[in-house]
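Trainee: Provided herewith is a single structure, encoded as structure tokens, for subsequent inquiry.
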Amino acid sequence: MVKISTFSRHFVFLICLMFSSGLWANSKEVTLAKDFVTKLLDLGKLSKKHDADSKSRAKEIVKELSNGVDFEGLAAKSLHMTWQNTTKAKRKEFMDTLQGMIEEVLFPKAHKISAPLNEIEFSLHPKNMKRVKAKTRFETEKQGEIIEKDLEIDLIYSNAGLIEDAWIEGELVSANLQRQFDNALKKKSFDQILTQMKSKLKQKKAEDVEPESQAVKQPETKKSATKKAEKVQKSESAEPAEGAEKIEEPELPLDESTSEDVE
């Protein structure tokens with residue numbers, strides 16, 4: 001029987017740890033994470049261009065990014081108990097809407113990643129081989145100034161190789177969404193929240209599509225300028241109807257209104 005010394009056992013353990021942490025191993029998950037982040041960076045660059053080819057390629061990249069995400073699992077975690085008590089048709093409707101919001105709101109935030117790919121560090125979590133950490137830099141606004149801050153994103157992969165969740169600055173995306181939905185469900189029904197999500201998504205898509213008729217702006221006449229001013233004045237002075245209540249919407253992580261809360 002071959003005896004292994006204490007030193008040898010520790011040495012073997014160290015080697016295994018280095019492999020498991022991704023220092024010597026180029027794991028499937030690290031490769032997937034690099035590919036995902038590369039696409040995000042490409043999308044960020046394309047978002048600054050407005051020609052037809054760039055917009056077309058951006059749509060293709062968004063589709064490729066979505067193909068790497070388990071939206072059904074993320075939707076189920078986000079709704080928690082509500083998901084279990086919802087019909088299959090409503091689940092599908094919610095999942096598709098959540099996917100659309102992530103595609104329209106979260107993915108485009110990639111243009112704020114300021115570090116190039118070769119400066120982004122990727123590593124496996126030492127205790128979870130399905131969790132890949134990406135350390136980068138992110139542009140954010142603070143007191144009217146654009147500043148850079150370090151950003152850590154942990155992508156958590158399923159056995160199927162899809163992103164099932166992510167840690168962003170110490171909080172799970174699913175937990176962030178679940179908290180927001182739970183708060184919203186205290187005031188509104190699931191159907192009301194879903195309706196508003198769909199409305200917000202429709203509005204966002206409409207903003208992204210500039211009609212050709214508006215591509216070339218016509219000179220503003222004195223008459224049209226007067227009407228425009230009257231319309232603005234009327235909208236500013238309008239009071240909400242008595243008893244009217246604004247439906248609060250769940251916001252995606254890293255949205256403008258929540259970025260300062262993520263530390």
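Each chain in the structure tokens gets a letter, A, B and so on, in the order shown; residues start at 1 in every chain, and ligands are counted from 1 in the order they appear.
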Using only C-alpha atoms, which protein or nucleic acid residues come within 6 Å of region 40-45 of chain A? Drop anything in the same chain fewer than 2 positions from it, and give the result as a compact mmCIF listing (two decimals) with N, CA, C and O atoms, in the first residue's frame.
Mentor:
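Once written, result.txt looks like this:
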```txt
# COMPACT_ATOMS: atom_id res chain seq x y z
N VAL A 37 -19.96 38.19 -22.46
CA VAL A 37 -19.48 39.55 -22.21
C VAL A 37 -18.98 40.20 -23.50
O VAL A 37 -19.17 41.40 -23.72
N THR A 38 -18.34 39.41 -24.36
CA THR A 38 -17.88 39.93 -25.65
C THR A 38 -19.06 40.47 -26.46
O THR A 38 -18.99 41.55 -27.05
N SER A 47 -24.62 50.37 -30.04
CA SER A 47 -25.68 51.25 -29.54
C SER A 47 -25.36 52.72 -29.76
O SER A 47 -26.25 53.57 -29.71
N LYS A 48 -24.08 53.02 -30.01
CA LYS A 48 -23.66 54.40 -30.23
C LYS A 48 -23.75 54.78 -31.71
O LYS A 48 -23.52 55.93 -32.08
N ALA A 58 -27.18 44.82 -34.11
CA ALA A 58 -27.49 44.91 -32.68
C ALA A 58 -28.66 43.99 -32.32
O ALA A 58 -28.64 43.32 -31.28
N ALA A 110 -24.84 47.85 -21.58
CA ALA A 110 -23.48 47.38 -21.84
C ALA A 110 -22.56 48.51 -22.31
O ALA A 110 -21.34 48.43 -22.13
N HIS A 111 -23.14 49.56 -22.90
CA HIS A 111 -22.29 50.66 -23.38
C HIS A 111 -21.60 51.38 -22.23
O HIS A 111 -20.67 52.15 -22.44
```
Trainee: Counting only C-alpha atoms, figure out which residue out of A:Ser114, A:Thr86, A:Ser174, A:Ser78 gets nearest to Thr140 (chain A).
Mentor: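 Looking only at the distances to Thr140 (chain A), the closest residue turns out to be A:Ser114.
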Trainee: Which one is closest to Arg179 (chain A): A:Ala33, A:Leu79, A:Val69, A:Ala134? Count only C-alpha atoms.
Mentor: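 With only C-alpha atoms as the atom set, the closest residue is A:Leu79.
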Trainee: Could you find all residues in region 140-211 of chain A that DSSP calls strand (DSSP E) from the backbone, and write them as a VMD selection string?
Mentor: chain A and resid 140 to 142 145 to 157 163 to 168 171 to 172
Trainee: Of the residues A:Asp182, A:Asp165, A:Asp35, A:Glu152, which is the one nearest to Asp70 (chain A), using only C-alpha atoms?
Mentor: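 The shortest atom-to-atom distance to Asp70 (chain A) comes from A:Asp165.
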Trainee: As an exercise, work out the distance from CA of Thr31 (chain A) to CA of Lys130 (chain A) in Å and give it to one decimal place.
Mentor: 11.6 Å
Trainee: Could you tell me how far CA of Lys205 (chain A) sits from CA of Gly100 (chain A), in Å to one decimal place?
Mentor: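 Pair CA of Gly100 (chain A) / CA of Lys205 (chain A) returns 9.3 Å.
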Trainee: List the neighbours of Lys92 (chain A) out to 12 Å using only C-alpha atoms; skip same-chain residues closer than 5 positions along the sequence, and give me the result as a list of chain:residue names.
Mentor: A:Phe71, A:Glu72, A:Gly73, A:Ala75, A:Ala76, A:Trp83, A:Thr86, A:Thr87, A:Thr97, A:Leu98, A:Gln99, A:Leu194
Trainee: Next, the residues of the selection above should be written as a PDB file, in the first residue's frame with N, CA, C and O atoms.
Mentor:
```
ATOM      1  N   PHE A  71     -34.658  32.307 -19.229  1.00  0.00           N
ATOM      2  CA  PHE A  71     -35.660  33.279 -18.815  1.00  0.00           C
ATOM      3  C   PHE A  71     -36.799  32.634 -18.026  1.00  0.00           C
ATOM      4  O   PHE A  71     -37.380  33.272 -17.141  1.00  0.00           O
ATOM      5  N   GLU A  72     -37.112  31.398 -18.324  1.00  0.00           N
ATOM      6  CA  GLU A  72     -38.185  30.732 -17.581  1.00  0.00           C
ATOM      7  C   GLU A  72     -37.784  30.564 -16.112  1.00  0.00           C
ATOM      8  O   GLU A  72     -38.580  30.832 -15.202  1.00  0.00           O
ATOM      9  N   GLY A  73     -36.552  30.117 -15.883  1.00  0.00           N
ATOM     10  CA  GLY A  73     -36.074  29.962 -14.519  1.00  0.00           C
ATOM     11  C   GLY A  73     -35.995  31.290 -13.785  1.00  0.00           C
ATOM     12  O   GLY A  73     -36.360  31.387 -12.607  1.00  0.00           O
ATOM     13  N   ALA A  75     -37.764  33.996 -14.434  1.00  0.00           N
ATOM     14  CA  ALA A  75     -39.124  34.475 -14.194  1.00  0.00           C
ATOM     15  C   ALA A  75     -39.739  33.765 -12.991  1.00  0.00           C
ATOM     16  O   ALA A  75     -40.411  34.389 -12.165  1.00  0.00           O
ATOM     17  N   ALA A  76     -39.503  32.457 -12.898  1.00  0.00           N
ATOM     18  CA  ALA A  76     -40.053  31.680 -11.786  1.00  0.00           C
ATOM     19  C   ALA A  76     -39.485  32.156 -10.449  1.00  0.00           C
ATOM     20  O   ALA A  76     -40.214  32.300  -9.455  1.00  0.00           O
ATOM     21  N   TRP A  83     -45.691  32.685  -9.096  1.00  0.00           N
ATOM     22  CA  TRP A  83     -45.452  31.857 -10.285  1.00  0.00           C
ATOM     23  C   TRP A  83     -46.200  30.526 -10.166  1.00  0.00           C
ATOM     24  O   TRP A  83     -46.813  30.057 -11.131  1.00  0.00           O
ATOM     25  N   THR A  86     -50.003  30.778 -10.839  1.00  0.00           N
ATOM     26  CA  THR A  86     -50.367  31.435 -12.093  1.00  0.00           C
ATOM     27  C   THR A  86     -50.519  30.406 -13.202  1.00  0.00           C
ATOM     28  O   THR A  86     -49.811  29.390 -13.223  1.00  0.00           O
ATOM     29  N   THR A  87     -51.420  30.646 -14.121  1.00  0.00           N
ATOM     30  CA  THR A  87     -51.652  29.713 -15.227  1.00  0.00           C
ATOM     31  C   THR A  87     -50.450  29.673 -16.168  1.00  0.00           C
ATOM     32  O   THR A  87     -49.627  30.604 -16.187  1.00  0.00           O
ATOM     33  N   THR A  97     -42.539  39.008 -21.474  1.00  0.00           N
ATOM     34  CA  THR A  97     -42.457  40.443 -21.165  1.00  0.00           C
ATOM     35  C   THR A  97     -41.179  40.757 -20.407  1.00  0.00           C
ATOM     36  O   THR A  97     -40.503  41.764 -20.680  1.00  0.00           O
ATOM     37  N   LEU A  98     -40.834  39.900 -19.436  1.00  0.00           N
ATOM     38  CA  LEU A  98     -39.593  40.087 -18.684  1.00  0.00           C
ATOM     39  C   LEU A  98     -38.388  40.002 -19.619  1.00  0.00           C
ATOM     40  O   LEU A  98     -37.459  40.810 -19.523  1.00  0.00           O
ATOM     41  N   GLN A  99     -38.412  39.049 -20.535  1.00  0.00           N
ATOM     42  CA  GLN A  99     -37.323  38.931 -21.507  1.00  0.00           C
ATOM     43  C   GLN A  99     -37.220  40.192 -22.350  1.00  0.00           C
ATOM     44  O   GLN A  99     -36.126  40.709 -22.591  1.00  0.00           O
ATOM     45  N   LEU A 194     -48.488  43.204 -14.738  1.00  0.00           N
ATOM     46  CA  LEU A 194     -48.126  42.667 -16.046  1.00  0.00           C
ATOM     47  C   LEU A 194     -48.568  43.604 -17.162  1.00  0.00           C
ATOM     48  O   LEU A 194     -47.827  43.838 -18.126  1.00  0.00           O
TER      49      LEU A 194
END
```
Trainee: Quick check for you: according to DSSP on this backbone, which residues of region 34-248 of chain A are classed as alpha helix (DSSP H)? Reply as a PyMOL selection string.
Mentor: chain A and resi 34-46+52-66+71-79+81-84+88-101+173-185+190-208+222-237
Trainee: Take CA of Met101 (chain A) and CA of Leu201 (chain A) and report the distance between them in Å, one decimal.
Mentor: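 Value for the CA of Met101 (chain A)-CA of Leu201 (chain A) distance: 6.0 Å.
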Trainee: Determine, counting only C-alpha atoms, which protein, DNA and RNA residues have an atom within 9 Å of an atom of Leu162 (chain A); residues of the same chain fewer than 3 positions away are not included. Present the result as an MDAnalysis selection string.
Mentor: chainID A and resid 32 67:70 156:159
